[in-house]
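S.K.: Provided herewith: start30.cif, mmCIF, N, CA and C atoms.
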```
data_structure
loop_
_atom_site.group_PDB
_atom_site.id
_atom_site.type_symbol
_atom_site.label_atom_id
_atom_site.label_comp_id
_atom_site.auth_asym_id
_atom_site.auth_seq_id
_atom_site.Cartn_x
_atom_site.Cartn_y
_atom_site.Cartn_z
ATOM 1 N N ASP A 1 85.131 84.369 126.103
ATOM 2 C CA ASP A 1 85.834 83.880 124.931
ATOM 3 C C ASP A 1 87.047 84.745 124.654
ATOM 4 N N ASN A 2 87.983 84.225 123.888
ATOM 5 C CA ASN A 2 89.291 84.847 123.695
ATOM 6 C C ASN A 2 89.219 86.216 123.035
ATOM 7 N N MET A 3 88.289 86.392 122.078
ATOM 8 C CA MET A 3 88.162 87.673 121.387
ATOM 9 C C MET A 3 87.729 88.758 122.374
ATOM 10 N N ASN A 4 86.716 88.446 123.191
ATOM 11 C CA ASN A 4 86.260 89.415 124.193
ATOM 12 C C ASN A 4 87.368 89.737 125.179
ATOM 13 N N GLU A 5 88.119 88.718 125.568
ATOM 14 C CA GLU A 5 89.216 88.908 126.517
ATOM 15 C C GLU A 5 90.214 89.929 125.984
ATOM 16 N N ASN A 6 90.528 89.847 124.692
ATOM 17 C CA ASN A 6 91.455 90.803 124.079
ATOM 18 C C ASN A 6 90.888 92.219 124.097
ATOM 19 N N VAL A 7 89.592 92.348 123.838
ATOM 20 C CA VAL A 7 88.942 93.659 123.873
ATOM 21 C C VAL A 7 89.007 94.228 125.287
ATOM 22 N N PHE A 8 88.663 93.400 126.274
ATOM 23 C CA PHE A 8 88.645 93.859 127.660
ATOM 24 C C PHE A 8 90.042 94.274 128.123
ATOM 25 N N LYS A 9 91.034 93.500 127.727
ATOM 26 C CA LYS A 9 92.413 93.850 128.091
ATOM 27 C C LYS A 9 92.840 95.142 127.391
ATOM 28 N N GLY A 10 92.345 95.338 126.160
ATOM 29 C CA GLY A 10 92.643 96.576 125.435
ATOM 30 C C GLY A 10 92.058 97.799 126.124
ATOM 31 N N ILE A 11 90.828 97.662 126.618
ATOM 32 C CA ILE A 11 90.194 98.753 127.372
ATOM 33 C C ILE A 11 91.003 99.030 128.635
ATOM 34 N N GLY A 12 91.372 97.962 129.323
ATOM 35 C CA GLY A 12 92.178 98.111 130.540
ATOM 36 C C GLY A 12 93.505 98.790 130.262
ATOM 37 N N SER A 13 94.141 98.407 129.163
ATOM 38 C CA SER A 13 95.424 99.023 128.784
ATOM 39 C C SER A 13 95.260 100.506 128.486
ATOM 40 N N ASN A 14 94.149 100.872 127.849
ATOM 41 C CA ASN A 14 93.870 102.290 127.594
ATOM 42 C C ASN A 14 93.744 103.059 128.904
ATOM 43 N N ILE A 15 93.046 102.470 129.860
ATOM 44 C CA ILE A 15 92.873 103.138 131.158
ATOM 45 C C ILE A 15 94.231 103.321 131.825
ATOM 46 N N ILE A 16 95.037 102.266 131.828
ATOM 47 C CA ILE A 16 96.377 102.355 132.426
ATOM 48 C C ILE A 16 97.198 103.441 131.734
ATOM 49 N N PHE A 17 97.191 103.433 130.406
ATOM 50 C CA PHE A 17 97.957 104.417 129.638
ATOM 51 C C PHE A 17 97.562 105.839 130.021
ATOM 52 N N HIS A 18 96.254 106.133 129.986
ATOM 53 C CA HIS A 18 95.792 107.497 130.275
ATOM 54 C C HIS A 18 95.997 107.860 131.747
ATOM 55 N N ARG A 19 95.859 106.902 132.631
ATOM 56 C CA ARG A 19 96.097 107.156 134.058
ATOM 57 C C ARG A 19 97.556 107.528 134.288
ATOM 58 N N ARG A 20 98.447 106.755 133.710
ATOM 59 C CA ARG A 20 99.880 107.017 133.896
ATOM 60 C C ARG A 20 100.308 108.318 133.229
ATOM 61 N N MET A 21 99.710 108.637 132.072
ATOM 62 C CA MET A 21 100.025 109.899 131.381
ATOM 63 C C MET A 21 99.676 111.107 132.257
ATOM 64 N N ARG A 22 98.728 110.919 133.135
ATOM 65 C CA ARG A 22 98.308 112.006 134.021
ATOM 66 C C ARG A 22 98.977 111.926 135.393
ATOM 67 N N GLY A 23 99.894 110.984 135.535
ATOM 68 C CA GLY A 23 100.641 110.857 136.790
ATOM 69 C C GLY A 23 99.795 110.363 137.947
ATOM 70 N N LEU A 24 98.743 109.604 137.643
ATOM 71 C CA LEU A 24 97.853 109.112 138.693
ATOM 72 C C LEU A 24 98.186 107.673 139.067
ATOM 73 N N THR A 25 98.140 107.388 140.352
ATOM 74 C CA THR A 25 98.238 106.008 140.810
ATOM 75 C C THR A 25 96.843 105.391 140.760
ATOM 76 N N GLN A 26 96.777 104.072 140.903
ATOM 77 C CA GLN A 26 95.466 103.425 140.972
ATOM 78 C C GLN A 26 94.670 103.981 142.153
ATOM 79 N N MET A 27 95.349 104.188 143.278
ATOM 80 C CA MET A 27 94.688 104.709 144.480
ATOM 81 C C MET A 27 94.084 106.087 144.216
ATOM 82 N N MET A 28 94.842 106.947 143.563
ATOM 83 C CA MET A 28 94.360 108.308 143.284
ATOM 84 C C MET A 28 93.131 108.278 142.375
ATOM 85 N N LEU A 29 93.207 107.484 141.295
ATOM 86 C CA LEU A 29 92.083 107.418 140.369
ATOM 87 C C LEU A 29 90.868 106.770 141.033
ATOM 88 N N ALA A 30 91.091 105.706 141.768
ATOM 89 C CA ALA A 30 89.984 105.026 142.451
ATOM 90 C C ALA A 30 89.265 105.987 143.399
ATOM 91 N N GLN A 31 90.019 106.797 144.123
ATOM 92 C CA GLN A 31 89.414 107.775 145.029
ATOM 93 C C GLN A 31 88.593 108.799 144.256
ATOM 94 N N ARG A 32 89.103 109.260 143.130
ATOM 95 C CA ARG A 32 88.373 110.232 142.302
ATOM 96 C C ARG A 32 87.088 109.630 141.733
ATOM 97 N N LEU A 33 87.117 108.308 141.485
ATOM 98 C CA LEU A 33 85.957 107.621 140.916
ATOM 99 C C LEU A 33 85.000 107.121 141.990
ATOM 100 N N ASN A 34 85.463 107.184 143.237
ATOM 101 C CA ASN A 34 84.686 106.675 144.364
ATOM 102 C C ASN A 34 84.422 105.163 144.228
ATOM 103 N N ILE A 35 85.457 104.448 143.789
ATOM 104 C CA ILE A 35 85.399 102.989 143.726
ATOM 105 C C ILE A 35 86.633 102.437 144.442
ATOM 106 N N GLY A 36 86.618 101.165 144.740
ATOM 107 C CA GLY A 36 87.760 100.550 145.399
ATOM 108 C C GLY A 36 88.913 100.334 144.436
ATOM 109 N N VAL A 37 90.116 100.295 144.997
ATOM 110 C CA VAL A 37 91.312 100.040 144.197
ATOM 111 C C VAL A 37 91.231 98.652 143.563
ATOM 112 N N ALA A 38 90.689 97.684 144.296
ATOM 113 C CA ALA A 38 90.577 96.316 143.768
ATOM 114 C C ALA A 38 89.701 96.286 142.516
ATOM 115 N N LYS A 39 88.606 97.056 142.542
ATOM 116 C CA LYS A 39 87.723 97.114 141.372
ATOM 117 C C LYS A 39 88.449 97.743 140.188
ATOM 118 N N LEU A 40 89.147 98.845 140.415
ATOM 119 C CA LEU A 40 89.892 99.504 139.336
ATOM 120 C C LEU A 40 90.963 98.568 138.790
ATOM 121 N N SER A 41 91.639 97.865 139.666
ATOM 122 C CA SER A 41 92.670 96.923 139.251
ATOM 123 C C SER A 41 92.086 95.839 138.346
ATOM 124 N N LYS A 42 90.925 95.329 138.698
ATOM 125 C CA LYS A 42 90.265 94.311 137.869
ATOM 126 C C LYS A 42 89.919 94.874 136.492
ATOM 127 N N ILE A 43 89.379 96.084 136.474
ATOM 128 C CA ILE A 43 89.021 96.719 135.199
ATOM 129 C C ILE A 43 90.274 96.875 134.334
ATOM 130 N N GLU A 44 91.352 97.348 134.942
ATOM 131 C CA GLU A 44 92.595 97.560 134.194
ATOM 132 C C GLU A 44 93.187 96.248 133.680
ATOM 133 N N ARG A 45 92.910 95.149 134.352
ATOM 134 C CA ARG A 45 93.403 93.837 133.910
ATOM 135 C C ARG A 45 92.431 93.147 132.958
ATOM 136 N N GLY A 46 91.308 93.801 132.668
ATOM 137 C CA GLY A 46 90.337 93.232 131.737
ATOM 138 C C GLY A 46 89.425 92.202 132.369
ATOM 139 N N ILE A 47 89.314 92.242 133.699
ATOM 140 C CA ILE A 47 88.477 91.291 134.435
ATOM 141 C C ILE A 47 87.182 91.991 134.843
ATOM 142 N N ASP A 48 86.066 91.303 134.695
ATOM 143 C CA ASP A 48 84.755 91.832 135.109
ATOM 144 C C ASP A 48 84.385 93.134 134.407
ATOM 145 N N VAL A 49 84.874 93.327 133.194
ATOM 146 C CA VAL A 49 84.618 94.569 132.470
ATOM 147 C C VAL A 49 83.119 94.776 132.242
ATOM 148 N N LEU A 50 82.411 93.732 131.832
ATOM 149 C CA LEU A 50 80.976 93.856 131.576
ATOM 150 C C LEU A 50 80.150 93.929 132.848
ATOM 151 N N GLU A 51 80.759 93.602 133.984
ATOM 152 C CA GLU A 51 80.033 93.644 135.256
ATOM 153 C C GLU A 51 79.887 95.083 135.771
ATOM 154 N N GLN A 52 80.677 95.996 135.222
ATOM 155 C CA GLN A 52 80.660 97.386 135.689
ATOM 156 C C GLN A 52 79.611 98.172 134.919
ATOM 157 N N PRO A 53 78.889 99.049 135.616
ATOM 158 C CA PRO A 53 77.926 99.895 134.899
ATOM 159 C C PRO A 53 78.656 100.883 133.985
ATOM 160 N N LEU A 54 77.981 101.269 132.935
ATOM 161 C CA LEU A 54 78.555 102.220 131.989
ATOM 162 C C LEU A 54 78.980 103.507 132.689
ATOM 163 N N SER A 55 78.277 103.871 133.746
ATOM 164 C CA SER A 55 78.610 105.105 134.474
ATOM 165 C C SER A 55 80.050 105.100 134.992
ATOM 166 N N VAL A 56 80.576 103.927 135.337
ATOM 167 C CA VAL A 56 81.969 103.838 135.799
ATOM 168 C C VAL A 56 82.913 104.270 134.673
ATOM 169 N N TYR A 57 82.640 103.784 133.465
ATOM 170 C CA TYR A 57 83.509 104.122 132.331
ATOM 171 C C TYR A 57 83.340 105.586 131.927
ATOM 172 N N LEU A 58 82.132 106.103 132.048
ATOM 173 C CA LEU A 58 81.916 107.524 131.766
ATOM 174 C C LEU A 58 82.700 108.380 132.754
ATOM 175 N N ARG A 59 82.723 107.977 134.020
ATOM 176 C CA ARG A 59 83.480 108.722 135.041
ATOM 177 C C ARG A 59 84.985 108.609 134.791
ATOM 178 N N ILE A 60 85.431 107.412 134.392
ATOM 179 C CA ILE A 60 86.862 107.244 134.073
ATOM 180 C C ILE A 60 87.243 108.179 132.927
ATOM 181 N N ALA A 61 86.452 108.168 131.855
ATOM 182 C CA ALA A 61 86.732 109.037 130.702
ATOM 183 C C ALA A 61 86.740 110.500 131.121
ATOM 184 N N GLU A 62 85.783 110.875 131.958
ATOM 185 C CA GLU A 62 85.697 112.258 132.439
ATOM 186 C C GLU A 62 86.952 112.627 133.234
ATOM 187 N N GLN A 63 87.400 111.748 134.116
ATOM 188 C CA GLN A 63 88.597 112.015 134.919
ATOM 189 C C GLN A 63 89.848 112.137 134.043
ATOM 190 N N MET A 64 89.861 111.407 132.940
ATOM 191 C CA MET A 64 91.012 111.429 132.033
ATOM 192 C C MET A 64 90.894 112.549 131.002
ATOM 193 N N ASN A 65 89.731 113.206 130.992
ATOM 194 C CA ASN A 65 89.450 114.265 130.021
ATOM 195 C C ASN A 65 89.529 113.739 128.589
ATOM 196 N N ILE A 66 88.964 112.538 128.392
ATOM 197 C CA ILE A 66 88.878 111.940 127.057
ATOM 198 C C ILE A 66 87.437 111.483 126.839
ATOM 199 N N SER A 67 87.116 111.179 125.601
ATOM 200 C CA SER A 67 85.767 110.695 125.302
ATOM 201 C C SER A 67 85.673 109.207 125.648
ATOM 202 N N ILE A 68 84.459 108.746 125.820
ATOM 203 C CA ILE A 68 84.231 107.319 126.066
ATOM 204 C C ILE A 68 84.705 106.516 124.854
ATOM 205 N N VAL A 69 84.586 107.093 123.673
ATOM 206 C CA VAL A 69 85.058 106.426 122.450
ATOM 207 C C VAL A 69 86.564 106.204 122.532
ATOM 208 N N GLU A 70 87.282 107.219 122.969
ATOM 209 C CA GLU A 70 88.740 107.110 123.113
ATOM 210 C C GLU A 70 89.092 106.038 124.147
ATOM 211 N N LEU A 71 88.333 106.004 125.227
ATOM 212 C CA LEU A 71 88.583 105.019 126.276
ATOM 213 C C LEU A 71 88.402 103.601 125.760
ATOM 214 N N PHE A 72 87.381 103.389 124.929
ATOM 215 C CA PHE A 72 87.070 102.057 124.408
ATOM 216 C C PHE A 72 87.796 101.737 123.112
ATOM 217 N N LYS A 73 88.610 102.676 122.624
ATOM 218 C CA LYS A 73 89.297 102.474 121.353
ATOM 219 C C LYS A 73 90.247 101.273 121.464
ATOM 220 N N THR A 74 90.147 100.413 120.484
ATOM 221 C CA THR A 74 91.014 99.241 120.421
ATOM 222 C C THR A 74 91.318 98.961 118.958
ATOM 223 N N THR A 75 92.356 98.230 118.711
ATOM 224 C CA THR A 75 92.735 97.947 117.326
ATOM 225 C C THR A 75 91.817 96.906 116.697
ATOM 226 N N ASP A 76 91.109 96.141 117.526
ATOM 227 C CA ASP A 76 90.263 95.060 117.018
ATOM 228 C C ASP A 76 88.794 95.507 116.977
ATOM 229 N N VAL A 77 88.456 96.292 115.959
ATOM 230 C CA VAL A 77 87.110 96.865 115.841
ATOM 231 C C VAL A 77 86.053 95.771 115.715
ATOM 232 N N LYS A 78 86.339 94.741 114.939
ATOM 233 C CA LYS A 78 85.387 93.638 114.766
ATOM 234 C C LYS A 78 85.070 92.991 116.117
ATOM 235 N N ALA A 79 86.082 92.765 116.925
ATOM 236 C CA ALA A 79 85.885 92.148 118.237
ATOM 237 C C ALA A 79 85.050 93.046 119.145
ATOM 238 N N VAL A 80 85.264 94.354 119.066
ATOM 239 C CA VAL A 80 84.488 95.289 119.880
ATOM 240 C C VAL A 80 83.015 95.216 119.500
ATOM 241 N N LYS A 81 82.725 95.198 118.200
ATOM 242 C CA LYS A 81 81.332 95.131 117.749
ATOM 243 C C LYS A 81 80.661 93.861 118.242
ATOM 244 N N ILE A 82 81.349 92.744 118.168
ATOM 245 C CA ILE A 82 80.794 91.482 118.640
ATOM 246 C C ILE A 82 80.553 91.546 120.138
ATOM 247 N N CYS A 83 81.514 92.082 120.848
ATOM 248 C CA CYS A 83 81.420 92.214 122.302
ATOM 249 C C CYS A 83 80.228 93.080 122.702
ATOM 250 N N VAL A 84 80.054 94.206 122.033
ATOM 251 C CA VAL A 84 78.943 95.123 122.326
ATOM 252 C C VAL A 84 77.617 94.453 122.032
ATOM 253 N N ARG A 85 77.527 93.761 120.907
ATOM 254 C CA ARG A 85 76.280 93.069 120.567
ATOM 255 C C ARG A 85 75.912 92.043 121.636
ATOM 256 N N LYS A 86 76.904 91.286 122.108
ATOM 257 C CA LYS A 86 76.637 90.264 123.128
ATOM 258 C C LYS A 86 76.206 90.902 124.440
ATOM 259 N N SER A 87 76.763 92.041 124.786
ATOM 260 C CA SER A 87 76.451 92.674 126.066
ATOM 261 C C SER A 87 75.065 93.335 126.039
ATOM 262 N N VAL A 88 74.563 93.656 124.846
ATOM 263 C CA VAL A 88 73.267 94.310 124.709
ATOM 264 C C VAL A 88 72.128 93.305 124.831
ATOM 265 N N ARG A 89 72.389 92.067 124.501
ATOM 266 C CA ARG A 89 71.348 91.022 124.540
ATOM 267 C C ARG A 89 70.796 90.806 125.920
#
```
Can you present the structure in this file as structure tokens?

M.R.:
Amino acid sequence: DNMNENVFKGIGSNIIFHRRMRGLTQMMLAQRLNIGVAKLSKIERGIDVLEQPLSVYLRIAEQMNISIVELFKTTDVKAVKICVRKSVR
């Protein structure tokens, strides 16, 4: 649904922002995370976000030296809560 899509794209945008702030390419970050570039690209575009285990996001946050909360921070708090509730079911 459209609300979730905005949340997922927001998470992806955060990853892109923090990756670029650290001067990392997708290839460099993917290698550090031990995942494929295609998978990282999908995450950054907000695709298949819920298909990834939480450990992937914890590793991304760790590589960026930020908290998981910072990584998932988005302006649409209501949408995030709805998204989290749906993913927990």

S.K.: Could you list, as an mmCIF file with N, CA and C atoms, in the frame of the given file, every residue within 12 Å of region 59-65 of chain A, counting only C-alpha atoms and ignoring same-chain residues fewer than 4 positions away?

M.R.:
```
data_model
loop_
_atom_site.group_PDB
_atom_site.id
_atom_site.type_symbol
_atom_site.label_atom_id
_atom_site.label_comp_id
_atom_site.auth_asym_id
_atom_site.auth_seq_id
_atom_site.Cartn_x
_atom_site.Cartn_y
_atom_site.Cartn_z
ATOM 1 N N ILE A 11 90.828 97.662 126.618
ATOM 2 C CA ILE A 11 90.194 98.753 127.372
ATOM 3 C C ILE A 11 91.003 99.030 128.635
ATOM 4 N N GLY A 12 91.372 97.962 129.323
ATOM 5 C CA GLY A 12 92.178 98.111 130.540
ATOM 6 C C GLY A 12 93.505 98.790 130.262
ATOM 7 N N ASN A 14 94.149 100.872 127.849
ATOM 8 C CA ASN A 14 93.870 102.290 127.594
ATOM 9 C C ASN A 14 93.744 103.059 128.904
ATOM 10 N N ILE A 15 93.046 102.470 129.860
ATOM 11 C CA ILE A 15 92.873 103.138 131.158
ATOM 12 C C ILE A 15 94.231 103.321 131.825
ATOM 13 N N ILE A 16 95.037 102.266 131.828
ATOM 14 C CA ILE A 16 96.377 102.355 132.426
ATOM 15 C C ILE A 16 97.198 103.441 131.734
ATOM 16 N N PHE A 17 97.191 103.433 130.406
ATOM 17 C CA PHE A 17 97.957 104.417 129.638
ATOM 18 C C PHE A 17 97.562 105.839 130.021
ATOM 19 N N HIS A 18 96.254 106.133 129.986
ATOM 20 C CA HIS A 18 95.792 107.497 130.275
ATOM 21 C C HIS A 18 95.997 107.860 131.747
ATOM 22 N N ARG A 19 95.859 106.902 132.631
ATOM 23 C CA ARG A 19 96.097 107.156 134.058
ATOM 24 C C ARG A 19 97.556 107.528 134.288
ATOM 25 N N ARG A 20 98.447 106.755 133.710
ATOM 26 C CA ARG A 20 99.880 107.017 133.896
ATOM 27 C C ARG A 20 100.308 108.318 133.229
ATOM 28 N N MET A 21 99.710 108.637 132.072
ATOM 29 C CA MET A 21 100.025 109.899 131.381
ATOM 30 C C MET A 21 99.676 111.107 132.257
ATOM 31 N N ARG A 22 98.728 110.919 133.135
ATOM 32 C CA ARG A 22 98.308 112.006 134.021
ATOM 33 C C ARG A 22 98.977 111.926 135.393
ATOM 34 N N GLY A 23 99.894 110.984 135.535
ATOM 35 C CA GLY A 23 100.641 110.857 136.790
ATOM 36 C C GLY A 23 99.795 110.363 137.947
ATOM 37 N N LEU A 24 98.743 109.604 137.643
ATOM 38 C CA LEU A 24 97.853 109.112 138.693
ATOM 39 C C LEU A 24 98.186 107.673 139.067
ATOM 40 N N GLN A 26 96.777 104.072 140.903
ATOM 41 C CA GLN A 26 95.466 103.425 140.972
ATOM 42 C C GLN A 26 94.670 103.981 142.153
ATOM 43 N N MET A 28 94.842 106.947 143.563
ATOM 44 C CA MET A 28 94.360 108.308 143.284
ATOM 45 C C MET A 28 93.131 108.278 142.375
ATOM 46 N N LEU A 29 93.207 107.484 141.295
ATOM 47 C CA LEU A 29 92.083 107.418 140.369
ATOM 48 C C LEU A 29 90.868 106.770 141.033
ATOM 49 N N ALA A 30 91.091 105.706 141.768
ATOM 50 C CA ALA A 30 89.984 105.026 142.451
ATOM 51 C C ALA A 30 89.265 105.987 143.399
ATOM 52 N N GLN A 31 90.019 106.797 144.123
ATOM 53 C CA GLN A 31 89.414 107.775 145.029
ATOM 54 C C GLN A 31 88.593 108.799 144.256
ATOM 55 N N ARG A 32 89.103 109.260 143.130
ATOM 56 C CA ARG A 32 88.373 110.232 142.302
ATOM 57 C C ARG A 32 87.088 109.630 141.733
ATOM 58 N N LEU A 33 87.117 108.308 141.485
ATOM 59 C CA LEU A 33 85.957 107.621 140.916
ATOM 60 C C LEU A 33 85.000 107.121 141.990
ATOM 61 N N ASN A 34 85.463 107.184 143.237
ATOM 62 C CA ASN A 34 84.686 106.675 144.364
ATOM 63 C C ASN A 34 84.422 105.163 144.228
ATOM 64 N N ILE A 35 85.457 104.448 143.789
ATOM 65 C CA ILE A 35 85.399 102.989 143.726
ATOM 66 C C ILE A 35 86.633 102.437 144.442
ATOM 67 N N LEU A 40 89.147 98.845 140.415
ATOM 68 C CA LEU A 40 89.892 99.504 139.336
ATOM 69 C C LEU A 40 90.963 98.568 138.790
ATOM 70 N N ILE A 43 89.379 96.084 136.474
ATOM 71 C CA ILE A 43 89.021 96.719 135.199
ATOM 72 C C ILE A 43 90.274 96.875 134.334
ATOM 73 N N GLU A 44 91.352 97.348 134.942
ATOM 74 C CA GLU A 44 92.595 97.560 134.194
ATOM 75 C C GLU A 44 93.187 96.248 133.680
ATOM 76 N N GLN A 52 80.677 95.996 135.222
ATOM 77 C CA GLN A 52 80.660 97.386 135.689
ATOM 78 C C GLN A 52 79.611 98.172 134.919
ATOM 79 N N PRO A 53 78.889 99.049 135.616
ATOM 80 C CA PRO A 53 77.926 99.895 134.899
ATOM 81 C C PRO A 53 78.656 100.883 133.985
ATOM 82 N N LEU A 54 77.981 101.269 132.935
ATOM 83 C CA LEU A 54 78.555 102.220 131.989
ATOM 84 C C LEU A 54 78.980 103.507 132.689
ATOM 85 N N SER A 55 78.277 103.871 133.746
ATOM 86 C CA SER A 55 78.610 105.105 134.474
ATOM 87 C C SER A 55 80.050 105.100 134.992
ATOM 88 N N VAL A 69 84.586 107.093 123.673
ATOM 89 C CA VAL A 69 85.058 106.426 122.450
ATOM 90 C C VAL A 69 86.564 106.204 122.532
ATOM 91 N N GLU A 70 87.282 107.219 122.969
ATOM 92 C CA GLU A 70 88.740 107.110 123.113
ATOM 93 C C GLU A 70 89.092 106.038 124.147
ATOM 94 N N LEU A 71 88.333 106.004 125.227
ATOM 95 C CA LEU A 71 88.583 105.019 126.276
ATOM 96 C C LEU A 71 88.402 103.601 125.760
ATOM 97 N N PHE A 72 87.381 103.389 124.929
ATOM 98 C CA PHE A 72 87.070 102.057 124.408
ATOM 99 C C PHE A 72 87.796 101.737 123.112
ATOM 100 N N LYS A 73 88.610 102.676 122.624
ATOM 101 C CA LYS A 73 89.297 102.474 121.353
ATOM 102 C C LYS A 73 90.247 101.273 121.464
#
```

S.K.: Interatomic distance between CA of Glu5 (chain A) and CA of Ser41 (chain A)?

M.R.: 15.4 Å

S.K.: Figure out the distance between CA of Ser13 (chain A) and CA of Asp48 (chain A), please, to one decimal in Å.

M.R.: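 Rounded to one decimal, the two atoms are 14.3 Å apart.
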
S.K.: Go ahead and compute the interatomic distance for CA of Leu50 (chain A) and CA of Thr25 (chain A), in Å to one decimal.

M.R.: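 CA of Leu50 (chain A) sits 23.0 Å away from CA of Thr25 (chain A).
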
S.K.: In region 2-81 of chain A, what's helix (DSSP H, G or I) per DSSP? Answer as a PyMOL selection string?

M.R.: chain A and resi 2-21+26-33+37-44+49-51+54-64+68-72+77-81

S.K.: For Thr74 (chain A), which residue out of A:Val56, A:Gly36, A:Val7, A:Asn2 is the nearest one, using all atoms listed in the file?

M.R.: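 Going through A:Val56, A:Gly36, A:Val7, A:Asn2 one by one, the smallest distance to Thr74 (chain A) is for A:Val7.
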
S.K.: Because some atoms of region 58-64 of chain A are absent here, can you restore all heavy atoms and send them as a PDB file, in the frame of the given file?

M.R.:
```pdb
ATOM      1  N   LEU A  58      82.132 106.103 132.048  1.00  0.00           N
ATOM      2  CA  LEU A  58      81.916 107.524 131.766  1.00  0.00           C
ATOM      3  C   LEU A  58      82.700 108.380 132.754  1.00  0.00           C
ATOM      4  O   LEU A  58      83.309 109.385 132.368  1.00  0.00           O
ATOM      5  CB  LEU A  58      80.420 107.862 131.823  1.00  0.00           C
ATOM      6  CG  LEU A  58      79.577 107.277 130.693  1.00  0.00           C
ATOM      7  CD1 LEU A  58      78.085 107.455 130.990  1.00  0.00           C
ATOM      8  CD2 LEU A  58      79.934 107.909 129.362  1.00  0.00           C
ATOM      9  N   ARG A  59      82.723 107.977 134.020  1.00  0.00           N
ATOM     10  CA  ARG A  59      83.480 108.722 135.041  1.00  0.00           C
ATOM     11  C   ARG A  59      84.985 108.609 134.791  1.00  0.00           C
ATOM     12  O   ARG A  59      85.722 109.579 134.972  1.00  0.00           O
ATOM     13  CB  ARG A  59      83.115 108.253 136.448  1.00  0.00           C
ATOM     14  CG  ARG A  59      81.705 108.635 136.842  1.00  0.00           C
ATOM     15  CD  ARG A  59      81.417 108.564 138.341  1.00  0.00           C
ATOM     16  NE  ARG A  59      82.034 107.476 139.072  1.00  0.00           N
ATOM     17  CZ  ARG A  59      81.430 106.315 139.395  1.00  0.00           C
ATOM     18  NH1 ARG A  59      80.195 106.084 139.023  1.00  0.00           N
ATOM     19  NH2 ARG A  59      82.066 105.402 140.097  1.00  0.00           N
ATOM     20  N   ILE A  60      85.431 107.412 134.392  1.00  0.00           N
ATOM     21  CA  ILE A  60      86.862 107.244 134.073  1.00  0.00           C
ATOM     22  C   ILE A  60      87.243 108.179 132.927  1.00  0.00           C
ATOM     23  O   ILE A  60      88.232 108.909 133.019  1.00  0.00           O
ATOM     24  CB  ILE A  60      87.189 105.776 133.708  1.00  0.00           C
ATOM     25  CG1 ILE A  60      87.064 104.876 134.950  1.00  0.00           C
ATOM     26  CG2 ILE A  60      88.592 105.671 133.097  1.00  0.00           C
ATOM     27  CD1 ILE A  60      87.156 103.384 134.663  1.00  0.00           C
ATOM     28  N   ALA A  61      86.452 108.168 131.855  1.00  0.00           N
ATOM     29  CA  ALA A  61      86.732 109.037 130.702  1.00  0.00           C
ATOM     30  C   ALA A  61      86.740 110.500 131.121  1.00  0.00           C
ATOM     31  O   ALA A  61      87.615 111.272 130.715  1.00  0.00           O
ATOM     32  CB  ALA A  61      85.707 108.793 129.598  1.00  0.00           C
ATOM     33  N   GLU A  62      85.783 110.875 131.958  1.00  0.00           N
ATOM     34  CA  GLU A  62      85.697 112.258 132.439  1.00  0.00           C
ATOM     35  C   GLU A  62      86.952 112.627 133.234  1.00  0.00           C
ATOM     36  O   GLU A  62      87.522 113.702 133.041  1.00  0.00           O
ATOM     37  CB  GLU A  62      84.450 112.402 133.314  1.00  0.00           C
ATOM     38  CG  GLU A  62      84.190 113.808 133.791  1.00  0.00           C
ATOM     39  CD  GLU A  62      82.934 113.867 134.644  1.00  0.00           C
ATOM     40  OE1 GLU A  62      81.882 113.385 134.189  1.00  0.00           O
ATOM     41  OE2 GLU A  62      83.026 114.358 135.784  1.00  0.00           O
ATOM     42  N   GLN A  63      87.400 111.748 134.116  1.00  0.00           N
ATOM     43  CA  GLN A  63      88.597 112.015 134.919  1.00  0.00           C
ATOM     44  C   GLN A  63      89.848 112.137 134.043  1.00  0.00           C
ATOM     45  O   GLN A  63      90.774 112.868 134.373  1.00  0.00           O
ATOM     46  CB  GLN A  63      88.803 110.920 135.974  1.00  0.00           C
ATOM     47  CG  GLN A  63      87.860 111.013 137.140  1.00  0.00           C
ATOM     48  CD  GLN A  63      88.043 112.298 137.932  1.00  0.00           C
ATOM     49  OE1 GLN A  63      89.158 112.764 138.177  1.00  0.00           O
ATOM     50  NE2 GLN A  63      86.931 112.884 138.339  1.00  0.00           N
ATOM     51  N   MET A  64      89.861 111.407 132.940  1.00  0.00           N
ATOM     52  CA  MET A  64      91.012 111.429 132.033  1.00  0.00           C
ATOM     53  C   MET A  64      90.894 112.549 131.002  1.00  0.00           C
ATOM     54  O   MET A  64      91.804 112.754 130.206  1.00  0.00           O
ATOM     55  CB  MET A  64      91.134 110.092 131.293  1.00  0.00           C
ATOM     56  CG  MET A  64      91.243 108.895 132.175  1.00  0.00           C
ATOM     57  SD  MET A  64      92.739 108.922 133.158  1.00  0.00           S
ATOM     58  CE  MET A  64      92.605 107.319 133.904  1.00  0.00           C
TER      59      MET A  64
END
```
